[in-house]
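Notes follow once the structure below has been shown.
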Amino acid sequence: MSRESEDSREPGDGEGADELPEYAERVLDVAESIPSGRVMTYGDVAEWLEEGGPRQVGRVMALYGGAVPWWRVVRADGVLLPGHELRALDHYREEGTPLREAARSAEGHVPRIDMARARWDGGGEGHGR
């Protein structure tokens with residue numbers, strides 16, 4: 001099964017494969033289950049799956065994440081995905097994701113995700129675990 005489409009590719013523009021590795025499918029399933037306005041870290045996703053780690057989840061998202069709500073899988077410090085900050089910020093504002101305003105000294109004054117308020121633990125609605 002391929003989740004790739006020309007219209008949805010970003011930031012991970014995985015090339016070509018019609019069949020995703022099983023681990024990648026599982027990571028993308030978790031990304032799709034994160035409710036609008038909430039986020040999970042790369043490490044949270046790996047912990048939820050009880051397999052891999054933040055780097056493996058990040059690799060999956062980089063290669064195949066363009067077909068799912070990639071902006072909901074984030075760094076633990078709340079910093080927006082480098083190179084995709086403005087596009088992600090549009091999604092966060094549209095979904096009402098809690099943000100912390102950037103310090104005046106921050107490059108570009110781009111806000112961060114308010115991890116204390118936005119982080120989703122996988123419980124409640126949206127996931128059957």
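Quick note on naming: the chains in the structure tokens go A, B, ... in the order shown, residues restart at 1 in each chain, and ligands are numbered from 1 in order of appearance.
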- Exercise: Glu95 (chain A) partners within 6 Å, only C-alpha atoms, chain neighbours under 3 positions left out, as a ChimeraX atom specification: /A:36-37,92
- A:Ala118, A:Trp48, A:Pro54, A:Leu99: which is nearest Asp29 (chain A), counting only C-alpha atoms?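 Among the listed residues, the smallest separation from Asp29 (chain A) belongs to A:Trp48.
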- Query: So which residues of region 28-123 of chain A fall under helix (DSSP H, G or I) by DSSP, listed as JSON, numbers by chain?
  - Reply: {"A": [28, 29, 30, 31, 32, 33, 42, 43, 44, 45, 46, 47, 48, 49, 54, 55, 56, 57, 58, 59, 60, 61, 62, 63, 64, 65, 66, 67, 70, 71, 72, 85, 86, 87, 88, 89, 90, 91, 92, 93, 94, 95, 107, 108, 109, 115, 116, 117, 118]}
Let me see the file: selected residues, N, CA and C atoms, as a CSV table (one decimal), in the first residue's frame.
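File written: part-v5.csv
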```
chain,number,residue,atom,x,y,z
A,28,LEU,N,3.4,5.8,10.4
A,28,LEU,CA,2.5,6.6,9.7
A,28,LEU,C,1.1,6.5,10.3
A,29,ASP,N,0.7,5.3,10.7
A,29,ASP,CA,-0.6,5.0,11.3
A,29,ASP,C,-0.7,5.9,12.6
A,30,VAL,N,0.4,5.9,13.4
A,30,VAL,CA,0.4,6.7,14.6
A,30,VAL,C,0.2,8.2,14.3
A,31,ALA,N,1.0,8.6,13.3
A,31,ALA,CA,0.9,10.0,12.9
A,31,ALA,C,-0.5,10.4,12.5
A,32,GLU,N,-1.1,9.5,11.8
A,32,GLU,CA,-2.5,9.8,11.4
A,32,GLU,C,-3.5,9.8,12.5
A,33,SER,N,-3.2,9.1,13.6
A,33,SER,CA,-4.1,9.0,14.8
A,33,SER,C,-4.0,10.2,15.7
A,42,TYR,N,9.0,12.4,18.3
A,42,TYR,CA,9.6,11.3,17.6
A,42,TYR,C,9.7,10.1,18.6
A,43,GLY,N,10.3,10.5,19.8
A,43,GLY,CA,10.4,9.5,20.8
A,43,GLY,C,9.1,8.9,21.3
A,44,ASP,N,8.1,9.8,21.4
A,44,ASP,CA,6.8,9.3,21.9
A,44,ASP,C,6.2,8.2,20.9
A,45,VAL,N,6.4,8.5,19.6
A,45,VAL,CA,5.9,7.5,18.6
A,45,VAL,C,6.6,6.2,18.8
A,46,ALA,N,8.0,6.3,18.9
A,46,ALA,CA,8.7,5.0,19.1
A,46,ALA,C,8.3,4.3,20.3
A,47,GLU,N,8.1,5.0,21.4
A,47,GLU,CA,7.7,4.4,22.7
A,47,GLU,C,6.3,3.8,22.5
A,48,TRP,N,5.4,4.5,21.9
A,48,TRP,CA,4.1,4.0,21.6
A,48,TRP,C,4.1,2.6,20.9
A,49,LEU,N,5.0,2.6,19.9
A,49,LEU,CA,5.1,1.4,19.1
A,49,LEU,C,5.9,0.3,19.7
A,54,PRO,N,13.7,7.6,18.4
A,54,PRO,CA,13.4,8.8,17.7
A,54,PRO,C,14.0,9.0,16.4
A,55,ARG,N,15.3,8.5,16.2
A,55,ARG,CA,15.9,8.6,14.9
A,55,ARG,C,15.2,7.7,13.8
A,56,GLN,N,14.8,6.6,14.2
A,56,GLN,CA,14.1,5.7,13.3
A,56,GLN,C,12.8,6.3,12.9
A,57,VAL,N,12.1,6.9,13.8
A,57,VAL,CA,10.8,7.5,13.5
A,57,VAL,C,11.0,8.7,12.6
A,58,GLY,N,12.1,9.5,12.9
A,58,GLY,CA,12.4,10.7,12.1
A,58,GLY,C,12.7,10.3,10.7
A,59,ARG,N,13.4,9.2,10.5
A,59,ARG,CA,13.8,8.7,9.2
A,59,ARG,C,12.5,8.3,8.4
A,60,VAL,N,11.6,7.6,9.1
A,60,VAL,CA,10.4,7.2,8.4
A,60,VAL,C,9.6,8.5,8.0
A,61,MET,N,9.5,9.5,8.9
A,61,MET,CA,8.8,10.7,8.6
A,61,MET,C,9.5,11.5,7.4
A,62,ALA,N,10.8,11.5,7.4
A,62,ALA,CA,11.6,12.1,6.3
A,62,ALA,C,11.3,11.5,5.0
A,63,LEU,N,11.3,10.2,5.0
A,63,LEU,CA,11.1,9.4,3.7
A,63,LEU,C,9.6,9.3,3.2
A,64,TYR,N,8.7,9.1,4.2
A,64,TYR,CA,7.3,8.8,3.8
A,64,TYR,C,6.3,9.7,4.4
A,65,GLY,N,6.7,10.7,5.2
A,65,GLY,CA,5.7,11.4,6.0
A,65,GLY,C,4.8,12.4,5.3
A,66,GLY,N,5.1,12.7,4.0
A,66,GLY,CA,4.4,13.7,3.3
A,66,GLY,C,2.9,13.4,3.1
A,67,ALA,N,2.5,12.1,3.2
A,67,ALA,CA,1.2,11.7,3.0
A,67,ALA,C,0.3,11.7,4.2
A,70,TRP,N,2.3,15.3,8.9
A,70,TRP,CA,3.7,15.3,9.4
A,70,TRP,C,4.0,16.3,10.5
A,71,TRP,N,3.3,17.4,10.4
A,71,TRP,CA,3.5,18.5,11.4
A,71,TRP,C,3.1,18.1,12.8
A,72,ARG,N,2.4,17.0,13.0
A,72,ARG,CA,2.0,16.6,14.3
A,72,ARG,C,3.1,15.7,15.0
A,85,GLU,N,9.3,25.4,8.6
A,85,GLU,CA,8.7,26.1,9.7
A,85,GLU,C,7.4,26.9,9.4
A,86,LEU,N,7.4,27.6,8.3
A,86,LEU,CA,6.2,28.4,7.9
A,86,LEU,C,5.0,27.6,7.5
A,87,ARG,N,5.3,26.5,6.8
A,87,ARG,CA,4.2,25.6,6.4
A,87,ARG,C,3.6,24.9,7.6
A,88,ALA,N,4.5,24.5,8.5
A,88,ALA,CA,4.0,23.8,9.7
A,88,ALA,C,3.3,24.8,10.6
A,89,LEU,N,3.8,26.0,10.7
A,89,LEU,CA,3.1,27.1,11.5
A,89,LEU,C,1.7,27.3,11.0
A,90,ASP,N,1.5,27.3,9.7
A,90,ASP,CA,0.2,27.5,9.1
A,90,ASP,C,-0.8,26.4,9.6
A,91,HIS,N,-0.3,25.1,9.6
A,91,HIS,CA,-1.1,24.0,10.1
A,91,HIS,C,-1.4,24.2,11.6
A,92,TYR,N,-0.4,24.6,12.4
A,92,TYR,CA,-0.6,24.7,13.8
A,92,TYR,C,-1.6,25.8,14.1
A,93,ARG,N,-1.5,26.9,13.4
A,93,ARG,CA,-2.5,28.0,13.7
A,93,ARG,C,-3.9,27.6,13.2
A,94,GLU,N,-4.0,26.9,12.1
A,94,GLU,CA,-5.3,26.4,11.6
A,94,GLU,C,-5.9,25.4,12.6
A,95,GLU,N,-5.1,24.6,13.2
A,95,GLU,CA,-5.6,23.5,14.1
A,95,GLU,C,-5.8,24.0,15.5
A,107,GLU,N,16.1,33.4,16.1
A,107,GLU,CA,16.3,33.7,14.6
A,107,GLU,C,14.9,33.6,13.9
A,108,GLY,N,14.5,34.6,13.3
A,108,GLY,CA,13.3,34.6,12.5
A,108,GLY,C,12.1,34.8,13.4
A,109,HIS,N,12.2,34.8,14.7
A,109,HIS,CA,11.1,35.0,15.6
A,109,HIS,C,10.0,34.0,15.4
A,115,MET,N,4.9,22.4,24.3
A,115,MET,CA,4.8,21.0,24.5
A,115,MET,C,4.0,20.6,25.7
A,116,ALA,N,4.0,21.4,26.8
A,116,ALA,CA,3.2,21.0,28.0
A,116,ALA,C,1.7,21.0,27.7
A,117,ARG,N,1.3,21.8,26.7
A,117,ARG,CA,-0.2,21.8,26.4
A,117,ARG,C,-0.5,21.0,25.2
A,118,ALA,N,0.4,20.9,24.2
A,118,ALA,CA,0.1,20.3,22.9
A,118,ALA,C,0.4,18.8,22.9
```
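Interatomic distance, CA of Ala76 (chain A) against CA of Glu22 (chain A): 24.7 Å.
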- Selection near region 77-79 of chain A, 9 Å with only C-alpha atoms, sequence-local residues under 2 positions removed, as number ranges by chain: A: 41, 74-75, 81-82, 85, 99-100, 110-115
Could those selected residues go to a file with N, CA and C atoms, as an mmCIF file, in the first residue's frame?
```
data_model
loop_
_atom_site.group_PDB
_atom_site.id
_atom_site.type_symbol
_atom_site.label_atom_id
_atom_site.label_comp_id
_atom_site.auth_asym_id
_atom_site.auth_seq_id
_atom_site.Cartn_x
_atom_site.Cartn_y
_atom_site.Cartn_z
ATOM 1 N N THR A 41 6.092 13.536 20.073
ATOM 2 C CA THR A 41 7.492 13.631 19.674
ATOM 3 C C THR A 41 7.881 12.364 18.926
ATOM 4 N N VAL A 74 6.887 15.783 16.153
ATOM 5 C CA VAL A 74 7.782 16.920 16.362
ATOM 6 C C VAL A 74 8.983 16.586 17.242
ATOM 7 N N ARG A 75 9.892 17.532 17.296
ATOM 8 C CA ARG A 75 11.034 17.440 18.208
ATOM 9 C C ARG A 75 10.555 17.655 19.641
ATOM 10 N N LEU A 81 10.068 22.094 12.509
ATOM 11 C CA LEU A 81 10.907 21.358 11.572
ATOM 12 C C LEU A 81 11.676 22.325 10.673
ATOM 13 N N PRO A 82 13.018 22.316 10.780
ATOM 14 C CA PRO A 82 13.829 23.231 9.968
ATOM 15 C C PRO A 82 13.541 23.078 8.477
ATOM 16 N N GLU A 85 9.254 25.419 8.615
ATOM 17 C CA GLU A 85 8.671 26.144 9.740
ATOM 18 C C GLU A 85 7.378 26.868 9.377
ATOM 19 N N LEU A 99 0.981 27.215 21.032
ATOM 20 C CA LEU A 99 2.315 27.684 20.663
ATOM 21 C C LEU A 99 2.853 28.619 21.733
ATOM 22 N N ARG A 100 4.168 28.704 21.804
ATOM 23 C CA ARG A 100 4.852 29.676 22.659
ATOM 24 C C ARG A 100 5.521 30.677 21.737
ATOM 25 N N VAL A 110 10.340 32.734 15.076
ATOM 26 C CA VAL A 110 9.355 31.681 14.834
ATOM 27 C C VAL A 110 8.967 31.063 16.174
ATOM 28 N N PRO A 111 7.661 30.958 16.447
ATOM 29 C CA PRO A 111 7.234 30.348 17.711
ATOM 30 C C PRO A 111 7.643 28.883 17.808
ATOM 31 N N ARG A 112 7.537 28.349 19.020
ATOM 32 C CA ARG A 112 7.725 26.921 19.268
ATOM 33 C C ARG A 112 6.386 26.348 19.668
ATOM 34 N N ILE A 113 6.289 25.040 19.618
ATOM 35 C CA ILE A 113 5.101 24.363 20.125
ATOM 36 C C ILE A 113 5.164 24.392 21.647
ATOM 37 N N ASP A 114 4.045 24.674 22.279
ATOM 38 C CA ASP A 114 3.961 24.602 23.736
ATOM 39 C C ASP A 114 3.752 23.134 24.091
ATOM 40 N N MET A 115 4.859 22.434 24.327
ATOM 41 C CA MET A 115 4.811 20.986 24.516
ATOM 42 C C MET A 115 3.985 20.581 25.734
#
```
